[in-house]
>>> print(open('entry_37.cif').read())   # mmCIF, C-alpha atoms
data_coords
#
loop_
_atom_site.label_atom_id
_atom_site.label_comp_id
_atom_site.auth_asym_id
_atom_site.auth_seq_id
_atom_site.Cartn_x
_atom_site.Cartn_y
_atom_site.Cartn_z
CA MET O 1 -185.19 157.66 137.87
CA VAL O 2 -188.61 156.55 139.09
CA ILE O 3 -191.03 156.18 136.16
CA VAL O 4 -194.73 156.69 136.91
CA ASP O 5 -197.41 156.11 134.29
CA THR O 6 -200.09 158.64 135.25
CA HIS O 7 -202.90 157.41 133.02
CA VAL O 8 -203.56 153.72 132.48
CA HIS O 9 -206.81 151.75 132.61
CA VAL O 10 -207.55 148.29 133.96
CA PHE O 11 -210.61 146.10 133.50
CA THR O 12 -211.41 142.43 133.88
CA ASP O 13 -213.56 139.87 132.08
CA ASP O 14 -214.95 138.81 135.47
CA ARG O 15 -218.41 140.15 134.72
CA LYS O 16 -220.00 138.39 137.69
CA ASN O 17 -218.15 140.45 140.28
CA TYR O 18 -217.55 143.50 138.10
CA PRO O 19 -220.47 144.03 135.68
CA GLN O 20 -219.66 146.18 132.66
CA THR O 21 -221.72 148.95 131.12
CA ARG O 22 -220.18 148.09 127.75
CA ASP O 23 -219.00 144.64 126.73
CA THR O 24 -215.24 144.22 126.31
CA PRO O 25 -213.09 141.31 125.14
CA ARG O 26 -212.89 138.17 127.22
CA ALA O 27 -209.62 136.35 127.85
CA GLY O 28 -208.53 134.51 124.71
CA SER O 29 -211.14 136.17 122.53
CA ILE O 30 -210.81 138.47 119.55
CA PRO O 31 -211.84 142.02 120.50
CA SER O 32 -215.09 143.07 118.87
CA ILE O 33 -216.31 146.09 120.80
CA THR O 34 -214.84 149.51 120.12
CA ASP O 35 -214.54 152.52 122.33
CA ILE O 36 -215.72 155.88 121.04
CA GLY O 37 -213.79 156.45 117.83
CA GLN O 38 -211.08 154.01 118.88
CA THR O 39 -209.77 150.60 117.94
CA GLU O 40 -210.56 147.71 120.29
CA TRP O 41 -209.00 147.75 123.75
CA PRO O 42 -207.10 144.57 124.64
CA LEU O 43 -208.11 142.95 127.91
CA THR O 44 -206.01 144.58 130.64
CA THR O 45 -206.36 143.16 134.12
CA ALA O 46 -204.26 144.42 137.01
CA GLU O 47 -202.04 141.36 136.68
CA THR O 48 -201.63 141.90 132.94
CA LEU O 49 -200.68 145.51 133.54
CA LEU O 50 -198.09 144.60 136.17
CA SER O 51 -196.44 142.21 133.75
CA LEU O 52 -196.37 144.85 131.02
CA MET O 53 -194.99 147.45 133.43
CA ASP O 54 -192.19 145.12 134.51
CA GLU O 55 -191.31 144.46 130.88
CA ALA O 56 -191.28 148.19 130.11
CA GLY O 57 -189.41 149.27 133.24
CA ILE O 58 -192.31 151.30 134.65
CA HIS O 59 -192.21 151.39 138.45
CA LYS O 60 -195.59 152.84 139.43
CA ALA O 61 -198.94 153.77 137.87
CA THR O 62 -202.09 155.69 138.65
CA LEU O 63 -205.13 153.69 137.59
CA ALA O 64 -207.65 156.01 135.96
CA GLN O 65 -211.16 154.58 136.22
CA ALA O 66 -212.16 153.08 132.85
CA TYR O 67 -215.31 155.15 132.45
CA PHE O 68 -216.32 153.62 129.12
CA VAL O 69 -216.28 150.16 130.73
CA TYR O 70 -217.65 150.79 134.23
CA GLU O 71 -218.85 154.42 134.35
CA TYR O 72 -219.27 155.26 138.08
CA ASP O 73 -218.74 151.73 139.40
CA ASN O 74 -215.16 152.13 140.64
CA ARG O 75 -214.79 148.78 142.35
CA TYR O 76 -212.33 147.09 139.99
CA THR O 77 -210.03 150.10 139.81
CA VAL O 78 -210.12 150.42 143.60
CA ASP O 79 -209.63 146.70 144.23
CA ALA O 80 -206.70 146.53 141.80
CA ALA O 81 -204.93 149.35 143.64
CA LEU O 82 -205.65 147.83 147.05
CA ALA O 83 -204.21 144.51 145.91
CA HIS O 84 -200.96 146.16 144.78
CA PRO O 85 -200.47 149.31 146.89
CA ASP O 86 -196.73 149.34 146.24
CA ARG O 87 -197.34 149.78 142.49
CA PHE O 88 -200.76 151.40 141.99
CA ALA O 89 -202.78 154.40 143.12
CA SER O 90 -206.47 154.68 142.23
CA ILE O 91 -208.27 157.59 140.56
CA VAL O 92 -212.05 157.20 140.64
CA VAL O 93 -214.86 158.77 138.64
CA LEU O 94 -217.92 160.26 140.34
CA ASP O 95 -220.81 162.31 139.00
CA PRO O 96 -219.92 165.85 140.14
CA LEU O 97 -223.59 166.86 139.99
CA ASP O 98 -224.65 164.08 142.38
CA GLU O 99 -225.23 165.53 145.86
CA LYS O 100 -224.00 162.24 147.34
CA ALA O 101 -220.62 162.51 145.57
CA PRO O 102 -218.76 164.35 148.38
CA ASP O 103 -219.63 161.71 150.98
CA GLU O 104 -218.86 158.92 148.54
CA LEU O 105 -215.45 160.46 147.88
CA SER O 106 -214.78 160.64 151.62
CA ARG O 107 -215.76 156.99 152.01
CA LEU O 108 -213.52 155.89 149.15
CA VAL O 109 -210.57 157.83 150.50
CA ARG O 110 -211.09 156.69 154.10
CA GLU O 111 -211.97 153.04 153.46
CA LYS O 112 -210.38 152.25 150.10
CA GLY O 113 -207.28 154.40 149.97
CA VAL O 114 -208.38 156.29 146.87
CA THR O 115 -205.87 158.99 145.93
CA GLY O 116 -207.54 160.99 143.16
CA LEU O 117 -210.80 161.98 141.50
CA ARG O 118 -211.38 162.01 137.76
CA PHE O 119 -213.93 164.22 136.05
CA MET O 120 -215.10 162.40 132.93
CA ARG O 121 -217.60 164.52 131.01
CA GLY O 122 -219.30 161.59 129.33
CA ARG O 123 -223.02 162.35 129.13
CA LEU O 124 -222.86 165.32 131.50
CA PRO O 125 -223.63 168.85 130.29
CA ALA O 126 -220.78 171.08 129.17
CA SER O 127 -218.86 172.87 131.95
CA SER O 128 -220.53 170.65 134.57
CA LEU O 129 -217.52 170.85 136.83
CA GLY O 130 -217.80 174.61 137.13
CA GLU O 131 -221.42 174.65 138.24
CA PRO O 132 -222.25 175.85 141.79
CA ALA O 133 -223.84 172.44 142.39
CA THR O 134 -220.32 170.99 142.39
CA PHE O 135 -218.87 173.35 145.00
CA SER O 136 -219.46 170.91 147.86
CA LEU O 137 -217.44 168.30 145.98
CA TRP O 138 -214.62 170.78 145.42
CA GLU O 139 -214.71 171.66 149.13
CA ARG O 140 -214.40 167.98 149.99
CA MET O 141 -211.48 167.49 147.60
CA GLN O 142 -209.76 170.44 149.19
CA ALA O 143 -210.36 169.12 152.71
CA LEU O 144 -209.18 165.62 151.77
CA LYS O 145 -206.20 166.96 149.80
CA ILE O 146 -207.30 164.87 146.85
CA PRO O 147 -206.14 165.97 143.35
CA LEU O 148 -208.55 166.21 140.45
CA VAL O 149 -207.90 165.17 136.86
CA ILE O 150 -210.14 166.61 134.17
CA ALA O 151 -211.07 164.97 130.87
CA ASP O 152 -213.00 167.50 128.82
CA ARG O 153 -212.90 169.29 125.51
CA ILE O 154 -210.28 172.00 125.38
CA GLY O 155 -212.91 174.62 124.58
CA GLU O 156 -214.59 173.96 127.93
CA LEU O 157 -211.51 174.45 130.12
CA ALA O 158 -212.00 178.18 130.58
CA LYS O 159 -215.38 177.50 132.18
CA VAL O 160 -213.78 175.84 135.19
CA ARG O 161 -211.23 178.59 135.80
CA LYS O 162 -213.33 180.43 138.39
CA VAL O 163 -213.95 177.31 140.44
CA MET O 164 -210.23 176.45 140.35
CA GLU O 165 -209.53 179.93 141.68
CA ARG O 166 -212.26 179.48 144.30
CA TYR O 167 -210.53 176.34 145.61
CA PRO O 168 -206.83 177.10 145.13
CA ASP O 169 -205.63 174.20 147.26
CA VAL O 170 -207.07 171.59 144.90
CA LYS O 171 -204.38 170.37 142.55
CA VAL O 172 -205.89 169.98 139.09
CA SER O 173 -204.39 168.05 136.20
CA ILE O 174 -205.74 168.44 132.67
CA GLU O 175 -205.79 165.09 130.89
CA HIS O 176 -204.29 164.49 127.46
CA SER O 177 -207.59 165.25 125.73
CA TRP O 178 -206.37 168.86 125.46
CA GLY O 179 -204.20 167.82 122.54
CA HIS O 180 -206.00 165.40 120.25
CA THR O 181 -205.52 168.13 117.63
CA VAL O 182 -202.77 170.70 118.12
CA GLY O 183 -202.29 172.35 114.74
CA LYS O 184 -199.07 174.12 113.81
CA PRO O 185 -196.67 176.15 115.97
CA PRO O 186 -197.17 178.38 117.90
CA TYR O 187 -200.27 176.25 118.55
CA PRO O 188 -203.12 178.76 118.82
CA ALA O 189 -205.50 175.79 119.06
CA LEU O 190 -204.07 175.17 122.52
CA ASP O 191 -204.55 178.71 123.80
CA PRO O 192 -207.36 177.66 126.21
CA LEU O 193 -204.84 175.36 127.92
CA PHE O 194 -201.99 177.87 127.92
CA ALA O 195 -204.33 180.50 129.38
CA LEU O 196 -204.51 178.48 132.61
CA ALA O 197 -200.75 178.47 133.16
CA ASP O 198 -200.93 181.28 135.73
CA ILE O 199 -202.90 179.01 138.09
CA PRO O 200 -200.09 177.52 140.22
CA ASN O 201 -201.93 174.30 141.08
CA LEU O 202 -202.70 173.51 137.43
CA TYR O 203 -200.84 170.53 135.95
CA VAL O 204 -200.76 169.02 132.47
CA LYS O 205 -200.91 165.32 131.69
CA THR O 206 -199.59 164.30 128.30
CA ALA O 207 -199.95 161.01 126.44
CA ILE O 208 -199.09 159.22 123.22
CA ASN O 209 -202.09 160.92 121.55
CA ASN O 210 -200.41 164.30 121.91
CA ILE O 211 -197.21 163.07 120.27
CA GLU O 212 -199.22 161.73 117.34
CA ALA O 213 -201.11 165.03 117.09
CA ALA O 214 -197.84 167.00 117.03
CA ARG O 215 -196.65 164.96 114.08
CA GLU O 216 -199.93 165.23 112.22
CA GLY O 217 -200.26 168.97 112.82
CA GLY O 218 -197.35 169.91 110.62
CA GLY O 219 -194.96 170.76 113.44
CA THR O 220 -192.64 168.52 115.44
CA VAL O 221 -192.84 166.80 118.79
CA GLU O 222 -189.88 168.85 119.97
CA ALA O 223 -191.63 172.11 119.04
CA LEU O 224 -194.80 171.14 120.94
CA TYR O 225 -192.99 170.02 124.07
CA THR O 226 -190.70 173.02 124.01
CA LYS O 227 -193.84 175.18 124.08
CA LEU O 228 -195.29 173.13 126.95
CA MET O 229 -192.05 173.37 128.89
CA ARG O 230 -191.79 177.14 128.45
CA THR O 231 -195.42 177.57 129.51
CA PHE O 232 -195.69 175.18 132.47
CA GLY O 233 -192.21 173.97 133.33
CA PRO O 234 -191.25 170.34 134.01
CA LYS O 235 -192.64 170.33 137.55
CA ARG O 236 -196.19 170.70 136.19
CA ILE O 237 -196.00 168.18 133.33
CA MET O 238 -196.55 164.41 133.60
CA TRP O 239 -196.23 161.68 131.01
CA SER O 240 -198.71 158.84 130.60
CA SER O 241 -199.22 155.91 128.27
CA ASN O 242 -203.03 156.08 128.02
CA TYR O 243 -202.81 152.30 127.72
CA PRO O 244 -204.77 150.29 126.54
CA ALA O 245 -206.69 153.02 124.66
CA HIS O 246 -205.75 153.51 121.00
CA PRO O 247 -204.09 150.09 120.50
CA ARG O 248 -202.95 151.14 117.03
CA LEU O 249 -200.39 153.34 118.80
CA GLY O 250 -198.59 150.32 120.23
CA GLY O 251 -198.10 148.53 123.51
CA LEU O 252 -197.06 149.87 126.88
CA LYS O 253 -193.31 149.35 126.42
CA GLY O 254 -193.37 150.89 122.96
CA ARG O 255 -195.22 153.97 124.18
CA LEU O 256 -192.64 154.62 126.87
CA GLU O 257 -189.84 154.14 124.37
CA ILE O 258 -191.43 156.69 122.03
CA PHE O 259 -191.67 159.23 124.85
CA GLU O 260 -188.10 158.63 125.94
CA LYS O 261 -186.86 159.08 122.38
CA GLU O 262 -188.92 162.17 121.64
CA LEU O 263 -188.08 163.91 124.93
CA ALA O 264 -184.38 163.07 124.80
CA PHE O 265 -183.70 166.69 123.79
CA LEU O 266 -184.59 167.75 127.35
CA GLY O 267 -182.11 167.71 130.20
CA GLU O 268 -181.93 164.82 132.62
CA GLU O 269 -183.51 166.80 135.48
CA ASP O 270 -186.43 167.93 133.34
CA ARG O 271 -187.07 164.37 132.23
CA ARG O 272 -186.87 163.14 135.82
CA TRP O 273 -189.78 165.40 136.74
CA ILE O 274 -191.89 164.63 133.67
CA PHE O 275 -191.47 160.85 133.91
CA GLY O 276 -191.97 160.55 137.65
CA GLU O 277 -191.36 163.31 140.16
CA THR O 278 -194.32 165.49 139.15
CA ALA O 279 -196.64 162.52 139.57
CA LEU O 280 -195.17 161.75 142.98
CA THR O 281 -195.96 165.34 143.99
CA LEU O 282 -199.64 164.81 143.22
CA PHE O 283 -199.80 161.19 144.41
CA PRO O 284 -197.31 160.95 147.30
CA SER O 285 -198.62 157.53 148.36
CA LEU O 286 -196.72 156.10 145.39
CA ARG O 287 -193.43 156.96 147.06
#
>>> encode(input="entry_37.cif", output="structure tokens")
Amino acid sequence: MVIVDTHVHVFTDDRKNYPQTRDTPRAGSIPSITDIGQTEWPLTTAETLLSLMDEAGIHKATLAQAYFVYEYDNRYTVDAALAHPDRFASIVVLDPLDEKAPDELSRLVREKGVTGLRFMRGRLPASSLGEPATFSLWERMQALKIPLVIADRIGELAKVRKVMERYPDVKVSIEHSWGHTVGKPPYPALDPLFALADIPNLYVKTAINNIEAAREGGGTVEALYTKLMRTFGPKRIMWSSNYPAHPRLGGLKGRLEIFEKELAFLGEEDRRWIFGETALTLFPSLR
């Protein structure tokens, strides 16, 4: 079974070549800067990540641009993927309201082998990705056959439904932020996510945060993932570590082990899709 981590971040302490918008730990230092509401991120270069992946038995990974470190400067994420094309694919972040974004996406795909675009709300207005000003970017994604991953509050997801329907050939994956809080079964708090299940090109990315939320919500991990499976099916669900975010939730190897243990109730074929095949559908360059 090919295991693909669909959401992992890399960053370097080489601030000369890759300036940071927020300071992060240097090699050998004690972390002192926190992400929004999170414990300190350990320094995770591409080389560090490869070593951790080998230890964990993870074959491939999609590098999601570390927005809180670099914002729209995608160079380190892109360079890391270019240096290790047999292991990494790059997912960049652009401002969807920037009129130059479509051409920049084309350049990154054509010249840098970028394989995905990430919408990170950050400081942007709510529902920014559904605004008419973004239609040219959606058109470009559709033409380039580039998938989109969305990080936004679950209450905002319905606002991008119409644009997803307008561009049905764009494969869209909702990041794990949908489930920071899930509540109790049958999970009415997740109704905005479940309401998108009829869109065939809509995928769901899950991470260690969602497992923690299932435990804290008064239900069980099995109950939450049974609901996800019944709603979306294994061919539209992908696992991810979300490493190195939330260090209190453990290292890369430990996160995979937790997922493997918690999803052991599923059949082998279902797990094959969740842990790798679904990701390879969206990011075929990783094959």
>>> atom_distance(input="entry_37.cif", atom1="atom CA of Ile237 of chain O", atom2="atom CA of Val8 of chain O")
16.3 Å
>>> resolve_selection(input="entry_37.cif", expression="the PyMOL selection byres ((chain O and resi 6) around 7)", output="VMD selection string")
chain O and resid 4 to 5 7 to 8 61 to 62 238 to 240 279
>>> closest_atom_pairs(input="entry_37.cif", of="segment 78-177 of chain O", to="segment 44-57 of chain O", cutoff="9 Å", atoms="all atoms listed in the file", output="tab-separated table")
residue	atom	partner	partner_atom	distance
O:Ala80	CA	O:Ala46	CA	5.8
O:Ala81	CA	O:Ala46	CA	8.3
O:Ala83	CA	O:Ala46	CA	8.9
O:His84	CA	O:Ala46	CA	8.6
O:Arg87	CA	O:Leu50	CA	8.2
>>> resolve_selection(input="entry_37.cif", expression="the PyMOL selection byres ((chain O and resi 41) around 7)", output="list in words")
Thr39, Glu40, Pro42, Leu43, Pro244, Ala245 and Pro247 of chain O
>>> resolve_selection(input="entry_37.cif", expression="the PyMOL selection byres ((chain O and resi 192) around 8)", output="PDB file with C-alpha atoms, in the coordinates of the input")
ATOM      1  CA  ILE O 154    -210.280 172.000 125.380  1.00  0.00           C
ATOM      2  CA  GLY O 155    -212.910 174.620 124.580  1.00  0.00           C
ATOM      3  CA  LEU O 157    -211.510 174.450 130.120  1.00  0.00           C
ATOM      4  CA  ALA O 158    -212.000 178.180 130.580  1.00  0.00           C
ATOM      5  CA  ALA O 189    -205.500 175.790 119.060  1.00  0.00           C
ATOM      6  CA  LEU O 190    -204.070 175.170 122.520  1.00  0.00           C
ATOM      7  CA  ASP O 191    -204.550 178.710 123.800  1.00  0.00           C
ATOM      8  CA  LEU O 193    -204.840 175.360 127.920  1.00  0.00           C
ATOM      9  CA  PHE O 194    -201.990 177.870 127.920  1.00  0.00           C
ATOM     10  CA  ALA O 195    -204.330 180.500 129.380  1.00  0.00           C
ATOM     11  CA  LEU O 196    -204.510 178.480 132.610  1.00  0.00           C
TER      12      LEU O 196
END
>>> closest_residue(input="entry_37.cif", among="O:Met229, O:Gly276, O:His59, O:Leu286", to="Pro85 of chain O", atoms="all atoms listed in the file")
O:Leu286
>>> closest_residue(input="entry_37.cif", among="O:Val221, O:Met1, O:Val172, O:Ile91", to="Ile274 of chain O", atoms="only C-alpha atoms")
O:Met1
>>> atom_distance(input="entry_37.cif", atom1="atom CA of Asp152 of chain O", atom2="atom CA of His9 of chain O")
17.3 Å
>>> atom_distance(input="entry_37.cif", atom1="atom CA of Gln142 of chain O", atom2="atom CA of Thr231 of chain O")
25.4 Å
>>> closest_residue(input="entry_37.cif", among="O:Leu137, O:Leu148, O:Val182, O:Val163", to="Gly219 of chain O", atoms="all atoms listed in the file")
O:Val182
>>> closest_residue(input="entry_37.cif", among="O:Gly254, O:Phe11, O:Glu99, O:Arg121", to="Tyr70 of chain O", atoms="all atoms listed in the file")
O:Phe11
>>> closest_atom_pairs(input="entry_37.cif", of="segment 260-287 of chain O", to="segment 207-218 of chain O", cutoff="12 Å", atoms="all atoms listed in the file", output="Markdown table")
| residue | atom | partner | partner_atom | distance |
| --- | --- | --- | --- | --- |
| O:Glu260 | CA | O:Ile208 | CA | 11.3 |
| O:Lys261 | CA | O:Ile211 | CA | 11.3 |
| O:Glu262 | CA | O:Ile211 | CA | 8.5 |
| O:Leu263 | CA | O:Ile211 | CA | 10.3 |
| O:Ile274 | CA | O:Ala207 | CA | 11.4 |
| O:Phe275 | CA | O:Ala207 | CA | 11.3 |
>>> closest_residue(input="entry_37.cif", among="O:Leu282, O:Val92, O:Ile3, O:Ile199", to="Asn74 of chain O", atoms="only C-alpha atoms")
O:Val92
>>> closest_residue(input="entry_37.cif", among="O:Asp13, O:Val109, O:Val160, O:Asp198", to="Lys145 of chain O", atoms="only C-alpha atoms")
O:Val109
>>> residues_around(input="entry_37.cif", residues="Met164 of chain O", least_positions_apart="3", cutoff="9 Å", atoms="only C-alpha atoms", output="short mmCIF file (atom, residue, chain, number, x, y, z; two decimals) with C-alpha atoms, keeping the file's coordinate frame")
data_model
loop_
_atom_site.label_atom_id
_atom_site.label_comp_id
_atom_site.auth_asym_id
_atom_site.auth_seq_id
_atom_site.Cartn_x
_atom_site.Cartn_y
_atom_site.Cartn_z
CA GLY O 130 -217.80 174.61 137.13
CA TRP O 138 -214.62 170.78 145.42
CA VAL O 160 -213.78 175.84 135.19
CA ARG O 161 -211.23 178.59 135.80
CA TYR O 167 -210.53 176.34 145.61
CA PRO O 168 -206.83 177.10 145.13
CA ASP O 169 -205.63 174.20 147.26
CA VAL O 170 -207.07 171.59 144.90
CA LYS O 171 -204.38 170.37 142.55
CA VAL O 172 -205.89 169.98 139.09
CA ILE O 199 -202.90 179.01 138.09
CA ASN O 201 -201.93 174.30 141.08
CA LEU O 202 -202.70 173.51 137.43
#
>>> decode(input="entry_37.cif", residues="segment 181-262 of chain O", atoms="C-alpha atoms", output="PDB file, in the first residue's frame")
ATOM      1  CA  THR O 181     -14.850  20.834  16.672  1.00  0.00           C
ATOM      2  CA  VAL O 182     -17.242  18.054  15.680  1.00  0.00           C
ATOM      3  CA  GLY O 183     -19.640  17.663  18.593  1.00  0.00           C
ATOM      4  CA  LYS O 184     -21.575  14.457  19.178  1.00  0.00           C
ATOM      5  CA  PRO O 185     -23.052  11.986  16.673  1.00  0.00           C
ATOM      6  CA  PRO O 186     -24.776  12.423  14.263  1.00  0.00           C
ATOM      7  CA  TYR O 187     -22.543  15.511  14.042  1.00  0.00           C
ATOM      8  CA  PRO O 188     -24.921  18.345  13.117  1.00  0.00           C
ATOM      9  CA  ALA O 189     -21.973  20.735  13.507  1.00  0.00           C
ATOM     10  CA  LEU O 190     -20.563  19.212  10.324  1.00  0.00           C
ATOM     11  CA  ASP O 191     -23.717  19.634   8.246  1.00  0.00           C
ATOM     12  CA  PRO O 192     -22.129  22.383   6.064  1.00  0.00           C
ATOM     13  CA  LEU O 193     -19.495  19.829   5.006  1.00  0.00           C
ATOM     14  CA  PHE O 194     -21.940  16.969   4.510  1.00  0.00           C
ATOM     15  CA  ALA O 195     -24.155  19.250   2.415  1.00  0.00           C
ATOM     16  CA  LEU O 196     -21.438  19.356  -0.262  1.00  0.00           C
ATOM     17  CA  ALA O 197     -21.310  15.582  -0.690  1.00  0.00           C
ATOM     18  CA  ASP O 198     -23.450  15.678  -3.847  1.00  0.00           C
ATOM     19  CA  ILE O 199     -20.686  17.586  -5.668  1.00  0.00           C
ATOM     20  CA  PRO O 200     -18.742  14.724  -7.319  1.00  0.00           C
ATOM     21  CA  ASN O 201     -15.415  16.555  -7.455  1.00  0.00           C
ATOM     22  CA  LEU O 202     -15.487  17.436  -3.749  1.00  0.00           C
ATOM     23  CA  TYR O 203     -12.939  15.632  -1.564  1.00  0.00           C
ATOM     24  CA  VAL O 204     -12.276  15.652   2.175  1.00  0.00           C
ATOM     25  CA  LYS O 205      -8.856  15.843   3.784  1.00  0.00           C
ATOM     26  CA  THR O 206      -8.655  14.623   7.357  1.00  0.00           C
ATOM     27  CA  ALA O 207      -5.891  15.049   9.923  1.00  0.00           C
ATOM     28  CA  ILE O 208      -4.901  14.292  13.494  1.00  0.00           C
ATOM     29  CA  ASN O 209      -6.935  17.330  14.632  1.00  0.00           C
ATOM     30  CA  ASN O 210     -10.139  15.618  13.543  1.00  0.00           C
ATOM     31  CA  ILE O 211      -9.332  12.478  15.518  1.00  0.00           C
ATOM     32  CA  GLU O 212      -8.707  14.576  18.619  1.00  0.00           C
ATOM     33  CA  ALA O 213     -11.971  16.453  18.046  1.00  0.00           C
ATOM     34  CA  ALA O 214     -13.903  13.177  17.737  1.00  0.00           C
ATOM     35  CA  ARG O 215     -12.607  12.076  21.112  1.00  0.00           C
ATOM     36  CA  GLU O 216     -13.301  15.410  22.769  1.00  0.00           C
ATOM     37  CA  GLY O 217     -16.795  15.700  21.300  1.00  0.00           C
ATOM     38  CA  GLY O 218     -18.228  12.847  23.307  1.00  0.00           C
ATOM     39  CA  GLY O 219     -18.399  10.381  20.438  1.00  0.00           C
ATOM     40  CA  THR O 220     -15.767   8.017  19.078  1.00  0.00           C
ATOM     41  CA  VAL O 221     -13.309   8.126  16.218  1.00  0.00           C
ATOM     42  CA  GLU O 222     -15.038   5.125  14.672  1.00  0.00           C
ATOM     43  CA  ALA O 223     -18.414   6.888  14.766  1.00  0.00           C
ATOM     44  CA  LEU O 224     -17.034  10.009  13.057  1.00  0.00           C
ATOM     45  CA  TYR O 225     -15.215   8.120  10.323  1.00  0.00           C
ATOM     46  CA  THR O 226     -18.153   5.813   9.751  1.00  0.00           C
ATOM     47  CA  LYS O 227     -20.229   8.939   9.091  1.00  0.00           C
ATOM     48  CA  LEU O 228     -17.568  10.321   6.734  1.00  0.00           C
ATOM     49  CA  MET O 229     -17.358   7.022   4.885  1.00  0.00           C
ATOM     50  CA  ARG O 230     -21.121   6.763   4.448  1.00  0.00           C
ATOM     51  CA  THR O 231     -21.290  10.358   3.213  1.00  0.00           C
ATOM     52  CA  PHE O 232     -18.278  10.556   0.884  1.00  0.00           C
ATOM     53  CA  GLY O 233     -16.905   7.056   0.427  1.00  0.00           C
ATOM     54  CA  PRO O 234     -13.218   6.102   0.637  1.00  0.00           C
ATOM     55  CA  LYS O 235     -12.388   7.390  -2.846  1.00  0.00           C
ATOM     56  CA  ARG O 236     -13.055  10.972  -1.710  1.00  0.00           C
ATOM     57  CA  ILE O 237     -11.271  10.875   1.665  1.00  0.00           C
ATOM     58  CA  MET O 238      -7.540  11.441   2.267  1.00  0.00           C
ATOM     59  CA  TRP O 239      -5.490  11.201   5.429  1.00  0.00           C
ATOM     60  CA  SER O 240      -2.816  13.712   6.411  1.00  0.00           C
ATOM     61  CA  SER O 241      -0.509  14.302   9.350  1.00  0.00           C
ATOM     62  CA  ASN O 242      -0.721  18.115   9.446  1.00  0.00           C
ATOM     63  CA  TYR O 243       2.885  17.921  10.617  1.00  0.00           C
ATOM     64  CA  PRO O 244       4.565  19.922  12.173  1.00  0.00           C
ATOM     65  CA  ALA O 245       1.480  21.875  13.313  1.00  0.00           C
ATOM     66  CA  HIS O 246       0.148  21.038  16.784  1.00  0.00           C
ATOM     67  CA  PRO O 247       3.361  19.411  18.112  1.00  0.00           C
ATOM     68  CA  ARG O 248       1.528  18.361  21.282  1.00  0.00           C
ATOM     69  CA  LEU O 249      -0.202  15.741  19.114  1.00  0.00           C
ATOM     70  CA  GLY O 250       3.062  13.917  18.482  1.00  0.00           C
ATOM     71  CA  GLY O 251       5.561  13.350  15.715  1.00  0.00           C
ATOM     72  CA  LEU O 252       5.039  12.202  12.157  1.00  0.00           C
ATOM     73  CA  LYS O 253       5.435   8.475  12.835  1.00  0.00           C
ATOM     74  CA  GLY O 254       3.132   8.625  15.845  1.00  0.00           C
ATOM     75  CA  ARG O 255       0.421  10.420  13.888  1.00  0.00           C
ATOM     76  CA  LEU O 256       0.413   7.768  11.187  1.00  0.00           C
ATOM     77  CA  GLU O 257       0.293   5.034  13.811  1.00  0.00           C
ATOM     78  CA  ILE O 258      -2.725   6.685  15.448  1.00  0.00           C
ATOM     79  CA  PHE O 259      -4.546   6.828  12.116  1.00  0.00           C
ATOM     80  CA  GLU O 260      -3.713   3.230  11.294  1.00  0.00           C
ATOM     81  CA  LYS O 261      -4.973   2.087  14.680  1.00  0.00           C
ATOM     82  CA  GLU O 262      -8.154   4.155  14.629  1.00  0.00           C
TER      83      GLU O 262
END
